[in-house]
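Colleague: Please read through the structure below; I'll follow up with questions.
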Amino acid sequence: MTLSRATPVAIACAALFALVQPVAAHAAAQPHAASTSSERARLQAQARRVTILRDKWGIPHVFGKTDADAVFGTLYAQAEDDFNRVELNYINALGRLAEVEGEKEIWRDLRMKLYIDPAELKAKYAESPAWLKKLMDAYADGLNWYLATHPQVKPRLITRFEPWMALAFSEGSIGGDIETIDLKALQAFYGTAPAPAMALADKGFDPEPRGSNGFAIAPRLAAGGHALLLINPHTSFYFRPEIHMVSGEGLNAYGAVTWGQFFIYQGFNDRIGWMHTSGGGDVIDEYLETVARRASGFVYKYGAGERTVRAKTIVLPYRTAHGMATRTVTAYFTHHGPVIRAQDGKWVAVRMMDDPMHALMQSYGRTKARDYAAFRKVMDLRTNSSNNTVYADADGNIAYFHGNFIPRRDPRFDWTKPVDGSDAATEWKGLHDVGETITVFNPASGYISNTNNWPCTGFGASSPDCATYPAYMWSLPQNPRGVHAERVLHDARDVTLDGLIAKAYDSYLTAFEPLVPAVVKDWEALPDDDPLKARLADQVALLRGWDLRFSTASVPTSLAVYWGQDMVAQASSRAKAQHVPVIDFVQTRLTSRERLDALARASDKLQADFGSWKTPWGEINRFQRLSGAVGQQYDDDKPSLPVGFTSANWGSLASFGMTAKQTTKRIYGDRGNSFVAAVEFGPRVRAKSILAGGESGDPASPHFADQAAMYSRGEFKDVLYYKEDIEKQLERKYHPGE
C-alpha cells in the first residue's frame with residue numbers, strides 16, 4: 001500500500017532527532033540561550049532593529065530592516081504567545097518526545113529517527129545559500145533571545161535553539177507522510193510486541209478529515225472586479241497563530257504560521273495569495289523486499305543479484321519515574337529507504353522525498369513572490385510534497401496546482417499497493433515537471449476549489465480530465481465537501497468578500513442527501529406491526545421535513561449527526577476491508593435495517609445524554625477552551641459556546657469536529673476551521689480573518705479567547721494589513737526583549 005502526503009517536514013524532522021544527545025547526558029552541559037555577554041549584546045542589537053506592533057486582537061505585526069530581522073521578531077513573538085507549542089514541535093521533530101513523555105513515545109521517536117543520517121542536517125545547513133543561512137540564524141536567535149529575556153520560562157527540554165533546527169520544519173503541514181507509518185507495526189517489527197494484523201490505514205478514513213478548503217474567484221465573477229481567495233485550513237485547533245511579517249527587503253506577508261516556523265504557510269502579501277490543501281498526488285511508496293540472512297548479515301534481492309541490507313544502531317532515550325533510561329534498536333535500510341514492517345514474509349521499505357533545504361527555500365520563497373511568473377518559478381523547486389496549492393493575485397490570475405513533488409513512475413504498476421522492490425522497473429524515474437502535473441490556470445469557469453478531494457471536479461466545465469494523467473497523479477476520491485463546494489461556486493456572480501465567507505459557511509450538509517430519503521423509504525416499507533414503525537415515526541417525520549441545513553437551533557441536525565456517527569461506527573471496519581471511503585460506504589452499501597437500527601440507537605443516545613432526542617444542535621455542539629494545554633480537557637459544567645457548523649464528514653464546508661476521546665456528553669470541537677481568511681486583491685489588498693479562540697496560548701491573556709464568540713458564529717474581523725491601520729488600533733509597540 002502506498003502512503004500519501006510525503007513531506008520534507010517529516011524527513012527533515014527525522015534528520016534532527018539523532019543529532020541531539022539524550023537529555024540525561026546532555027541537558028546539564030547544554031549552554032543557555034545567550035551563553036556569553038558578547039552573544040547577548042549581538043542579540044540585543046538585532047532586537048533593536050525589530051519593532052513588533054500588537055493590534056487590538058494581539059496579532060503581532062513584525063517590522064524589520066531585513067528579512068532576517070523580521071524572522072528574528074517573528075520567532076520571538078511566537079515564543080511570547082505560546083513557547084510551549086514552539087518547543088513541543090521541536091521536541092517531537094527531533095525525535096525526543098520520549099525524553100519528556102516517557103517510554104510510550106519511543107516508537108514515535110524511532111519512526112522519526114529512521115529517516116536521516118544525523119550529520120546530514122548540519123551539513124545541509126552548512127551548504128545552504130547565504131541568504132537562507134541568515135534566516136536560519138535569525139530563527140534561532142529570535143528564540144534564544146526570548147529565553148534570555150524570560151528567565152522565568154523553563155523549557156521542558158530545549159534550552160538553546162540552533163540554526164540547523166529550522167530544517168526540521170521545511171513546509172508546514174500538520175503532521176506528514178511519516179505519520180502514516182503505523183506505530184504498532186513498527187513496534188512489532190523492531191520491538192517485542194506481538195505482530196498486529198496488517199490492516200493499515202486506507203485513504204479517506206480520518207475520523208475527522210484532516211485537510212482544508214481553498215477557493216479562488218476570478219475578477220469577472222467578483223463584485224469588485226478583483227480576484228478573491230479563501231484560505232480555510234482544517235487543522236487541530238491552535239496549531240497555527242496569525243502573524244504579519246514585514247521587512248525593508250520586500251517581505252510583507254500575512255497569514256498563518258506553524259508554531260516554530262519562520263515563513264507564512266497559508267496567507268498573502270499585497271500582490272498574491274496562496275492556500276494549501278492536503279492530499280495531492282501519490283508521493284510515497286512502499287517496496288516489498290525479499291530478504292535473506294547471510295554470514296555477513298542480511299541481503300535483499302535486486303534484479304538477478306543481491307544487495308546488502310544496511311544496519312544502523314539507534315539509541316532511544318526515555319524518561320522513567322527514576323530518571324533516564326535507553327533502548328537500543330538495530331534499524332534496517334535498503335536503497336529504497338528504511339524498513340518499517342513485514343508483510344507476507346517480506347520486509348517493507350518506504351521511499352519519500354528528502355530535500356529539506358530546497359523545501360525550506362520554496363516555503364519561504366513563495367511569500368516574497370510578486371506575480372504568477374515568480375510564484376511559478378518557486379513551484380519549479382518541486383519540494384512541496386504534501387500539498388495542493390490554490391492561488392490568486394492582483395493581476396487577476398487564479399491558479400491551481402495538484403501536488404508539486406510527483407515522482408515519475410511506470411504506470412503499469414498499482415502504486416496504491418507495495419510494489420516489488422527487486423524489480424528495477426519499480427524505481428522512481430526522476431520527477432514530473434510542474435507542467436506535466438495536474439494544473440489549472442485562469443479556468444473559463446472563473447472559479448477554483450479544492451477540499452482535499454480529487455482534481456477531477458472543482459473547476460466546473462474547466463475541470464481536468466483525470467483519465468489523461470497517470471493514476472498516481474491524484475490519491476484521494478471525491479468527498480461531500482467537494483460536491484458542496486462545486487454547487488456554491490458553480491453559479492457564483494458578483495461575489496463580495498463577505499459573500500465569499502458566506503459561501504465558505506454555507507449550511508447545507510450534502511452527505512445526508514442520499515441518506516435521509518433512503519431512511520424515509522425504509523421506514524415507509526416497514527410493516528405496521530414492526531416495533532420500529534411506531535418508535536421512529538416522529539424521527540422520520542422530522543428528517544422528512546428537514547432542509548439538510550445546520551443551525552444551532554436545529555433538532556434534525558442533532559438527530560442526523562448522531563445517526564450518521566452510529567452508521568460510521570458500525571460500518572467502518574467493512575468499509576476499510578473493501579477499500580471504500582466510509583462515508584461512501586454508509587451512503588451506498590448499508591441495508592434498510594442497518595439504517596433504521598442506527599436511527600433508533602442515535603435517538604436512544606440523545607435521549608440518555610440530554611433528556612430528549614429533540615435537543616437542538618447548539619446545545620450539543622460547543623466550543624470550549626479552558627487551558628493552554630496542547631491536549632485539551634473538556635467539561636460539561638464549564639462555560640462553552642454553541643457552534644452551528646458540523647464535522648466535515650457530513651459535507652460542512654466550515655468544519656468543526658471532535659477527535660479527542662469523548663468523556664463528555666456534549667461534543668467539543670478540536671479540529672477543523674482554525675485560522676480562516678478571505679482576501680480581495682484590489683489596488684489595496686483587503687482581507688478578513690478569524691482564529692479559533694485567540695492568538696495567545698496563555699489563559700491569563702486577553703487574547704486567549706477574544707475571538708471565540710465570533711468564531712462560534714462564523715463572524716470575521718478585519719485584517720489590519722497597512723501600518724497606518726495597525727497604528728489606529730494599536731495595543732502595544734515594542735522591540736523584542738522590552
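Identifiers in the C-alpha cells: chain A, B, ... in order shown; residue index from 1 per chain; ligand index from 1 in order shown.
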Write out as JSON lines the residues of region 223-271 of chain A that have any atom within 10 Å of an atom of region 624-638 of chain A, one row each with the nearest atom pair and its distance in Å to one decimal, counting only C-alpha atoms, sorted by chain and then rising number.

Modeller:
```
{"residue": "A:Ser236", "atom": "CA", "partner": "A:Val630", "partner_atom": "CA", "distance": 9.9}
{"residue": "A:Phe237", "atom": "CA", "partner": "A:Val630", "partner_atom": "CA", "distance": 9.3}
{"residue": "A:Tyr238", "atom": "CA", "partner": "A:Val630", "partner_atom": "CA", "distance": 8.4}
{"residue": "A:Phe239", "atom": "CA", "partner": "A:Val630", "partner_atom": "CA", "distance": 9.1}
```

Colleague: Okay, now the selection with N, CA and C atoms, as a PDB file, in the first residue's frame?

Modeller:
```pdb
ATOM      1  N   SER A 236      -5.907  20.783  13.646  1.00  0.00           N
ATOM      2  CA  SER A 236      -6.191  20.806  15.068  1.00  0.00           C
ATOM      3  C   SER A 236      -6.157  22.256  15.527  1.00  0.00           C
ATOM      4  N   PHE A 237      -7.039  22.599  16.457  1.00  0.00           N
ATOM      5  CA  PHE A 237      -7.130  23.977  16.901  1.00  0.00           C
ATOM      6  C   PHE A 237      -5.813  24.426  17.534  1.00  0.00           C
ATOM      7  N   TYR A 238      -5.524  25.712  17.380  1.00  0.00           N
ATOM      8  CA  TYR A 238      -4.363  26.360  17.988  1.00  0.00           C
ATOM      9  C   TYR A 238      -3.046  25.830  17.412  1.00  0.00           C
ATOM     10  N   PHE A 239      -3.112  25.217  16.235  1.00  0.00           N
ATOM     11  CA  PHE A 239      -1.913  24.669  15.602  1.00  0.00           C
ATOM     12  C   PHE A 239      -1.083  25.759  14.929  1.00  0.00           C
TER      13      PHE A 239
END
```

Colleague: Using only C-alpha atoms, which residues sit within 9 Å of Glu680 (chain A) once same-chain residues fewer than 6 positions away are excluded, as a short mmCIF file (atom, residue, chain, number, x, y, z; two decimals) with C-alpha atoms, in the first residue's frame?

Modeller:
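Final file, out15.cif:
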```cif
data_model
loop_
_atom_site.label_atom_id
_atom_site.label_comp_id
_atom_site.auth_asym_id
_atom_site.auth_seq_id
_atom_site.Cartn_x
_atom_site.Cartn_y
_atom_site.Cartn_z
CA GLY A 224 -15.33 44.50 -7.19
CA HIS A 226 -10.70 41.76 -8.28
CA ALA A 227 -9.58 38.19 -7.66
CA LEU A 228 -10.68 36.66 -4.36
CA LEU A 229 -9.06 33.87 -2.31
CA ASP A 393 -3.20 37.56 -7.45
CA ALA A 394 -3.68 41.28 -8.00
CA THR A 496 -18.02 40.13 -2.46
CA LEU A 497 -15.55 39.42 0.32
CA ARG A 686 -8.37 43.83 1.76
CA ALA A 687 -8.89 40.81 3.99
#
```

Colleague: For Gly430 (chain A), work out the shell of residues within 9 Å, counting only C-alpha atoms and skipping chain neighbours fewer than 3 positions away, then give it as a PDB file with N, CA and C atoms, in the first residue's frame.

Modeller:
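The result, written out as selection03.pdb:
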```
ATOM      1  N   ILE A 406       6.099  15.168  -7.534  1.00  0.00           N
ATOM      2  CA  ILE A 406       5.441  13.962  -8.041  1.00  0.00           C
ATOM      3  C   ILE A 406       6.492  13.083  -8.725  1.00  0.00           C
ATOM      4  N   PRO A 407       6.916  11.985  -8.109  1.00  0.00           N
ATOM      5  CA  PRO A 407       7.872  11.088  -8.768  1.00  0.00           C
ATOM      6  C   PRO A 407       7.293  10.496 -10.055  1.00  0.00           C
ATOM      7  N   ARG A 408       8.148  10.365 -11.049  1.00  0.00           N
ATOM      8  CA  ARG A 408       7.752   9.727 -12.308  1.00  0.00           C
ATOM      9  C   ARG A 408       7.887   8.214 -12.141  1.00  0.00           C
ATOM     10  N   ARG A 409       6.844   7.463 -12.488  1.00  0.00           N
ATOM     11  CA  ARG A 409       6.839   6.020 -12.295  1.00  0.00           C
ATOM     12  C   ARG A 409       6.282   5.307 -13.521  1.00  0.00           C
TER      13      ARG A 409
END
```

Colleague: Counting only C-alpha atoms, figure out which residue out of A:Met275, A:Ala292, A:Ala511, A:Leu147 gets nearest to Phe401 (chain A).

Modeller: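 When distances to Phe401 (chain A) are compared using only C-alpha atoms, the smallest one comes from A:Met275.
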
Colleague: Using only C-alpha atoms, determine which residues lie at most 7 Å from region 102-109 of chain A, disregarding the query and same-chain residues fewer than 3 positions distant; provide the list as a PyMOL selection string.

Modeller: chain A and resi 95-99+112-113+183+187+316+318-320

Colleague: Could the residues in this selection be written to a file with N, CA and C atoms, as a PDB file, in the first residue's frame?

Modeller:
```
ATOM      1  N   GLY A  95      12.767  13.923  17.455  1.00  0.00           N
ATOM      2  CA  GLY A  95      12.689  12.533  17.891  1.00  0.00           C
ATOM      3  C   GLY A  95      13.012  12.376  19.361  1.00  0.00           C
ATOM      4  N   ARG A  96      12.619  13.353  20.187  1.00  0.00           N
ATOM      5  CA  ARG A  96      12.979  13.336  21.601  1.00  0.00           C
ATOM      6  C   ARG A  96      11.740  13.348  22.506  1.00  0.00           C
ATOM      7  N   LEU A  97      10.620  12.994  21.951  1.00  0.00           N
ATOM      8  CA  LEU A  97       9.386  13.078  22.725  1.00  0.00           C
ATOM      9  C   LEU A  97       9.405  12.156  23.934  1.00  0.00           C
ATOM     10  N   ALA A  98       9.992  10.978  23.795  1.00  0.00           N
ATOM     11  CA  ALA A  98      10.048  10.037  24.921  1.00  0.00           C
ATOM     12  C   ALA A  98      10.880  10.577  26.074  1.00  0.00           C
ATOM     13  N   GLU A  99      11.773  11.516  25.796  1.00  0.00           N
ATOM     14  CA  GLU A  99      12.590  12.094  26.863  1.00  0.00           C
ATOM     15  C   GLU A  99      11.771  12.952  27.818  1.00  0.00           C
ATOM     16  N   MET A 112      10.708   8.712  13.616  1.00  0.00           N
ATOM     17  CA  MET A 112      11.377   9.919  13.150  1.00  0.00           C
ATOM     18  C   MET A 112      12.853   9.662  12.843  1.00  0.00           C
ATOM     19  N   LYS A 113      13.504   8.930  13.725  1.00  0.00           N
ATOM     20  CA  LYS A 113      14.949   8.747  13.599  1.00  0.00           C
ATOM     21  C   LYS A 113      15.344   7.800  12.469  1.00  0.00           C
ATOM     22  N   LEU A 183       2.538   2.838  13.897  1.00  0.00           N
ATOM     23  CA  LEU A 183       3.461   2.658  15.015  1.00  0.00           C
ATOM     24  C   LEU A 183       3.394   1.248  15.591  1.00  0.00           C
ATOM     25  N   GLN A 187       6.548  -1.156  15.879  1.00  0.00           N
ATOM     26  CA  GLN A 187       6.938  -1.787  17.138  1.00  0.00           C
ATOM     27  C   GLN A 187       6.991  -3.303  16.994  1.00  0.00           C
ATOM     28  N   LEU A 316      17.403   5.074  21.778  1.00  0.00           N
ATOM     29  CA  LEU A 316      16.152   5.761  22.091  1.00  0.00           C
ATOM     30  C   LEU A 316      16.087   6.042  23.591  1.00  0.00           C
ATOM     31  N   TYR A 318      14.561   7.572  27.048  1.00  0.00           N
ATOM     32  CA  TYR A 318      13.203   7.873  27.507  1.00  0.00           C
ATOM     33  C   TYR A 318      13.205   8.116  29.005  1.00  0.00           C
ATOM     34  N   ARG A 319      12.244   8.909  29.424  1.00  0.00           N
ATOM     35  CA  ARG A 319      12.126   9.263  30.830  1.00  0.00           C
ATOM     36  C   ARG A 319      11.387   8.177  31.591  1.00  0.00           C
ATOM     37  N   THR A 320      11.834   7.907  32.805  1.00  0.00           N
ATOM     38  CA  THR A 320      11.136   6.997  33.714  1.00  0.00           C
ATOM     39  C   THR A 320      10.922   7.714  35.045  1.00  0.00           C
TER      40      THR A 320
END
```

Colleague: So, counting only C-alpha atoms, which residue among A:Arg240, A:Arg40, A:Arg622, A:Lys122 is closest to Tyr146 (chain A)?

Modeller: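 Going through A:Arg240, A:Arg40, A:Arg622, A:Lys122 one by one, the smallest distance to Tyr146 (chain A) is for A:Arg40.
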
Colleague: Please provide the set of residues having any atom within 10 Å of region 459-463 of chain A, restricted to only C-alpha atoms, with same-chain residues fewer than 3 positions apart removed, written as a PDB file with N, CA and C atoms, in the first residue's frame.

Modeller:
```pdb
ATOM      1  N   PHE A 215     -10.588  28.195  -2.080  1.00  0.00           N
ATOM      2  CA  PHE A 215     -11.398  28.712  -3.181  1.00  0.00           C
ATOM      3  C   PHE A 215     -10.668  29.903  -3.794  1.00  0.00           C
ATOM      4  N   ALA A 216     -10.774  30.052  -5.104  1.00  0.00           N
ATOM      5  CA  ALA A 216     -10.309  31.252  -5.786  1.00  0.00           C
ATOM      6  C   ALA A 216     -11.384  31.690  -6.767  1.00  0.00           C
ATOM      7  N   TYR A 400      -4.316  26.693  -9.919  1.00  0.00           N
ATOM      8  CA  TYR A 400      -4.348  25.522  -9.030  1.00  0.00           C
ATOM      9  C   TYR A 400      -3.242  24.565  -9.439  1.00  0.00           C
ATOM     10  N   THR A 439      -2.599  20.837 -13.365  1.00  0.00           N
ATOM     11  CA  THR A 439      -2.641  22.258 -13.034  1.00  0.00           C
ATOM     12  C   THR A 439      -3.784  22.927 -13.781  1.00  0.00           C
ATOM     13  N   VAL A 440      -4.240  24.043 -13.229  1.00  0.00           N
ATOM     14  CA  VAL A 440      -5.298  24.835 -13.864  1.00  0.00           C
ATOM     15  C   VAL A 440      -4.897  26.297 -13.751  1.00  0.00           C
ATOM     16  N   PHE A 441      -4.983  27.033 -14.849  1.00  0.00           N
ATOM     17  CA  PHE A 441      -4.638  28.460 -14.847  1.00  0.00           C
ATOM     18  C   PHE A 441      -5.762  29.241 -15.516  1.00  0.00           C
ATOM     19  N   ASN A 442      -6.334  30.176 -14.769  1.00  0.00           N
ATOM     20  CA  ASN A 442      -7.421  31.022 -15.266  1.00  0.00           C
ATOM     21  C   ASN A 442      -8.502  30.209 -15.993  1.00  0.00           C
ATOM     22  N   PRO A 443      -9.152  29.284 -15.283  1.00  0.00           N
ATOM     23  CA  PRO A 443     -10.182  28.462 -15.928  1.00  0.00           C
ATOM     24  C   PRO A 443     -11.331  29.315 -16.456  1.00  0.00           C
ATOM     25  N   ALA A 444     -11.909  28.881 -17.561  1.00  0.00           N
ATOM     26  CA  ALA A 444     -13.022  29.613 -18.167  1.00  0.00           C
ATOM     27  C   ALA A 444     -14.213  29.710 -17.218  1.00  0.00           C
ATOM     28  N   SER A 445     -14.341  28.743 -16.309  1.00  0.00           N
ATOM     29  CA  SER A 445     -15.446  28.763 -15.349  1.00  0.00           C
ATOM     30  C   SER A 445     -15.352  29.937 -14.393  1.00  0.00           C
ATOM     31  N   GLY A 446     -14.134  30.444 -14.172  1.00  0.00           N
ATOM     32  CA  GLY A 446     -13.952  31.591 -13.298  1.00  0.00           C
ATOM     33  C   GLY A 446     -13.791  31.261 -11.833  1.00  0.00           C
ATOM     34  N   TYR A 447     -13.699  29.987 -11.493  1.00  0.00           N
ATOM     35  CA  TYR A 447     -13.514  29.641 -10.079  1.00  0.00           C
ATOM     36  C   TYR A 447     -12.685  28.370  -9.942  1.00  0.00           C
ATOM     37  N   ILE A 448     -12.111  28.236  -8.758  1.00  0.00           N
ATOM     38  CA  ILE A 448     -11.299  27.070  -8.399  1.00  0.00           C
ATOM     39  C   ILE A 448     -11.693  26.657  -6.997  1.00  0.00           C
ATOM     40  N   SER A 449     -11.792  25.351  -6.773  1.00  0.00           N
ATOM     41  CA  SER A 449     -11.995  24.865  -5.408  1.00  0.00           C
ATOM     42  C   SER A 449     -11.256  23.550  -5.227  1.00  0.00           C
ATOM     43  N   ASN A 450     -10.782  23.326  -4.009  1.00  0.00           N
ATOM     44  CA  ASN A 450     -10.287  22.010  -3.627  1.00  0.00           C
ATOM     45  C   ASN A 450     -10.587  21.786  -2.165  1.00  0.00           C
ATOM     46  N   PRO A 455      -8.890  16.094  -8.220  1.00  0.00           N
ATOM     47  CA  PRO A 455      -8.867  17.306  -9.040  1.00  0.00           C
ATOM     48  C   PRO A 455      -9.753  17.194 -10.278  1.00  0.00           C
ATOM     49  N   CYS A 456     -10.597  16.185 -10.307  1.00  0.00           N
ATOM     50  CA  CYS A 456     -11.407  15.910 -11.499  1.00  0.00           C
ATOM     51  C   CYS A 456     -12.650  16.788 -11.562  1.00  0.00           C
ATOM     52  N   CYS A 466      -9.100  13.646 -15.549  1.00  0.00           N
ATOM     53  CA  CYS A 466      -8.134  12.839 -14.796  1.00  0.00           C
ATOM     54  C   CYS A 466      -7.673  11.614 -15.571  1.00  0.00           C
ATOM     55  N   ALA A 485     -18.845  22.341  -2.452  1.00  0.00           N
ATOM     56  CA  ALA A 485     -18.112  23.489  -2.983  1.00  0.00           C
ATOM     57  C   ALA A 485     -18.469  23.754  -4.437  1.00  0.00           C
ATOM     58  N   GLU A 486     -18.574  22.698  -5.228  1.00  0.00           N
ATOM     59  CA  GLU A 486     -18.918  22.854  -6.640  1.00  0.00           C
ATOM     60  C   GLU A 486     -20.273  23.554  -6.780  1.00  0.00           C
ATOM     61  N   ARG A 487     -21.195  23.219  -5.904  1.00  0.00           N
ATOM     62  CA  ARG A 487     -22.530  23.818  -6.001  1.00  0.00           C
ATOM     63  C   ARG A 487     -22.533  25.295  -5.616  1.00  0.00           C
ATOM     64  N   LEU A 489     -20.205  27.417  -5.780  1.00  0.00           N
ATOM     65  CA  LEU A 489     -19.400  28.254  -6.662  1.00  0.00           C
ATOM     66  C   LEU A 489     -19.874  28.229  -8.111  1.00  0.00           C
ATOM     67  N   HIS A 490     -20.634  27.218  -8.480  1.00  0.00           N
ATOM     68  CA  HIS A 490     -20.946  26.992  -9.895  1.00  0.00           C
ATOM     69  C   HIS A 490     -21.651  28.175 -10.534  1.00  0.00           C
ATOM     70  N   ASP A 491     -22.600  28.754  -9.844  1.00  0.00           N
ATOM     71  CA  ASP A 491     -23.359  29.875 -10.407  1.00  0.00           C
ATOM     72  C   ASP A 491     -23.039  31.189  -9.703  1.00  0.00           C
TER      73      ASP A 491
END
```

Colleague: Could you tell me which of A:Gly225, A:Tyr332, A:Asp55, A:Asp670 comes closest to Leu720 (chain A) if we count only C-alpha atoms?

Modeller: A:Asp55

Colleague: Write out as a list in words each polymer residue whose atoms come within 10 Å of Asn213 (chain A), counting only C-alpha atoms; drop sequence neighbours fewer than 6 positions from it.

Modeller: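 Residues near the query, excluding close chain neighbours: Leu230, Ile231, Asn232, Pro233, His234, Met275, His276, Thr277, Ser278, Val390, Ser449, Asn450, Thr451, Asn452, Asn453, Arg481, Gly482, Ala485, Ala504, Leu653, Ala654, Ser655, Asn673 and Val676 of chain A.
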
Colleague: In terms of the shortest atom-to-atom distance over only C-alpha atoms, which of A:Leu94, A:Gly248, A:Glu120, A:Ser689 is closest to Ile158 (chain A)?

Modeller: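 Distance minimum relative to Ile158 (chain A) lands on A:Leu94.
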
Colleague: In terms of the shortest atom-to-atom distance over only C-alpha atoms, which of A:Ile667, A:Ala373, A:Val568, A:Ala577 is closest to Asn397 (chain A)?

Modeller: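 Of the candidates, the smallest distance to Asn397 (chain A) is held by A:Ala373.
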
Colleague: I want to know what sits within 10 Å of Thr149 (chain A), based on only C-alpha atoms, with residues of the same chain fewer than 5 positions away left out; could you give that as JSON, numbers by chain?

Modeller: {"A": [33, 34, 40, 44, 144, 736, 737, 738]}

Colleague: Go ahead and write the residues just picked, all heavy atoms, as a PDB file, in the first residue's frame.

Modeller:
```
ATOM      1  N   ALA A  33      20.519  29.953  26.347  1.00  0.00           N
ATOM      2  CA  ALA A  33      20.152  30.563  25.075  1.00  0.00           C
ATOM      3  C   ALA A  33      21.091  31.692  24.676  1.00  0.00           C
ATOM      4  O   ALA A  33      21.408  31.861  23.502  1.00  0.00           O
ATOM      5  CB  ALA A  33      18.715  31.060  25.151  1.00  0.00           C
ATOM      6  N   ALA A  34      21.521  32.507  25.621  1.00  0.00           N
ATOM      7  CA  ALA A  34      22.509  33.549  25.333  1.00  0.00           C
ATOM      8  C   ALA A  34      23.631  33.355  26.338  1.00  0.00           C
ATOM      9  O   ALA A  34      23.626  33.901  27.430  1.00  0.00           O
ATOM     10  CB  ALA A  34      21.885  34.928  25.448  1.00  0.00           C
ATOM     11  N   ARG A  40      24.895  38.050  23.931  1.00  0.00           N
ATOM     12  CA  ARG A  40      23.746  38.821  24.399  1.00  0.00           C
ATOM     13  C   ARG A  40      23.732  40.203  23.751  1.00  0.00           C
ATOM     14  O   ARG A  40      22.681  40.700  23.337  1.00  0.00           O
ATOM     15  CB  ARG A  40      23.758  38.934  25.920  1.00  0.00           C
ATOM     16  CG  ARG A  40      22.501  39.574  26.492  1.00  0.00           C
ATOM     17  CD  ARG A  40      22.503  39.614  28.008  1.00  0.00           C
ATOM     18  NE  ARG A  40      21.257  40.181  28.481  1.00  0.00           N
ATOM     19  CZ  ARG A  40      20.183  39.474  28.804  1.00  0.00           C
ATOM     20  NH1 ARG A  40      20.213  38.149  28.706  1.00  0.00           N
ATOM     21  NH2 ARG A  40      19.080  40.066  29.216  1.00  0.00           N
ATOM     22  N   GLN A  44      20.819  41.614  21.337  1.00  0.00           N
ATOM     23  CA  GLN A  44      20.143  42.850  21.709  1.00  0.00           C
ATOM     24  C   GLN A  44      20.213  43.871  20.574  1.00  0.00           C
ATOM     25  O   GLN A  44      19.239  44.585  20.304  1.00  0.00           O
ATOM     26  CB  GLN A  44      20.759  43.431  22.978  1.00  0.00           C
ATOM     27  CG  GLN A  44      19.996  44.629  23.529  1.00  0.00           C
ATOM     28  CD  GLN A  44      20.507  45.033  24.888  1.00  0.00           C
ATOM     29  OE1 GLN A  44      21.719  45.074  25.121  1.00  0.00           O
ATOM     30  NE2 GLN A  44      19.596  45.318  25.800  1.00  0.00           N
ATOM     31  N   ASN A 144      16.271  32.182  21.045  1.00  0.00           N
ATOM     32  CA  ASN A 144      17.246  32.276  22.132  1.00  0.00           C
ATOM     33  C   ASN A 144      17.162  33.624  22.848  1.00  0.00           C
ATOM     34  O   ASN A 144      17.367  33.699  24.065  1.00  0.00           O
ATOM     35  CB  ASN A 144      18.657  32.032  21.592  1.00  0.00           C
ATOM     36  CG  ASN A 144      18.859  30.587  21.167  1.00  0.00           C
ATOM     37  OD1 ASN A 144      18.207  29.679  21.678  1.00  0.00           O
ATOM     38  ND2 ASN A 144      19.754  30.367  20.215  1.00  0.00           N
ATOM     39  N   PRO A 736      11.713  43.498  20.624  1.00  0.00           N
ATOM     40  CA  PRO A 736      11.823  42.233  21.361  1.00  0.00           C
ATOM     41  C   PRO A 736      12.743  42.372  22.573  1.00  0.00           C
ATOM     42  O   PRO A 736      13.833  42.931  22.483  1.00  0.00           O
ATOM     43  CB  PRO A 736      12.410  41.276  20.324  1.00  0.00           C
ATOM     44  CG  PRO A 736      11.953  41.830  19.007  1.00  0.00           C
ATOM     45  CD  PRO A 736      11.990  43.316  19.181  1.00  0.00           C
ATOM     46  N   GLY A 737      12.276  41.876  23.690  1.00  0.00           N
ATOM     47  CA  GLY A 737      13.060  41.938  24.920  1.00  0.00           C
ATOM     48  C   GLY A 737      12.674  43.077  25.825  1.00  0.00           C
ATOM     49  O   GLY A 737      13.088  43.124  26.985  1.00  0.00           O
ATOM     50  N   GLU A 738      11.878  44.027  25.295  1.00  0.00           N
ATOM     51  CA  GLU A 738      11.446  45.155  26.122  1.00  0.00           C
ATOM     52  C   GLU A 738      10.179  44.813  26.898  1.00  0.00           C
ATOM     53  O   GLU A 738       9.348  44.041  26.447  1.00  0.00           O
ATOM     54  CB  GLU A 738      11.178  46.377  25.250  1.00  0.00           C
ATOM     55  CG  GLU A 738      12.436  46.949  24.615  1.00  0.00           C
ATOM     56  CD  GLU A 738      12.137  48.181  23.790  1.00  0.00           C
ATOM     57  OE1 GLU A 738      10.947  48.509  23.611  1.00  0.00           O
ATOM     58  OE2 GLU A 738      13.090  48.811  23.312  1.00  0.00           O
TER      59      GLU A 738
END
```

Colleague: For a quick check of understanding, using only C-alpha atoms, which of A:Ile178, A:Ile398, A:Ala253, A:Leu114 has the smallest distance to Val283 (chain A)?

Modeller: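 Closest residue, counting only C-alpha atoms: A:Ile178.
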
Colleague: Mind running region 491-583 of chain A against region 474-480 of chain A at 10 Å and telling me each contacting residue's nearest atom pair with the distance in Å (one decimal), counting only C-alpha atoms, chain and number ascending, as a Markdown table?

Modeller:
```
| residue | atom | partner | partner_atom | distance |
| --- | --- | --- | --- | --- |
| A:Leu509 | CA | A:Pro480 | CA | 8.0 |
| A:Thr510 | CA | A:Pro480 | CA | 5.7 |
| A:Ala511 | CA | A:Pro480 | CA | 5.5 |
| A:Phe512 | CA | A:Pro480 | CA | 9.2 |
| A:Glu513 | CA | A:Pro480 | CA | 9.8 |
| A:Val580 | CA | A:Pro477 | CA | 9.6 |
| A:Pro581 | CA | A:Pro477 | CA | 8.3 |
| A:Ile583 | CA | A:Asn479 | CA | 8.4 |
```

Colleague: Between CA of Asp270 (chain A) and CA of Lys134 (chain A), what is the distance, to one decimal in Å?

Modeller: 24.3 Å

Colleague: DSSP says alpha helix (DSSP H) for which residues of region 339-548 of chain A? Put them as JSON, numbers by chain?

Modeller: {"A": [356, 357, 358, 359, 360, 361, 362, 363, 364, 365, 366, 367, 368, 372, 373, 374, 375, 376, 377, 378, 379, 480, 481, 482, 483, 484, 485, 486, 487, 488, 489, 490, 497, 498, 499, 500, 501, 502, 503, 504, 515, 516, 517, 518, 519, 520, 521, 522, 523, 524, 531, 532, 533, 534, 535, 537, 538, 539, 540, 541, 542, 543, 544]}
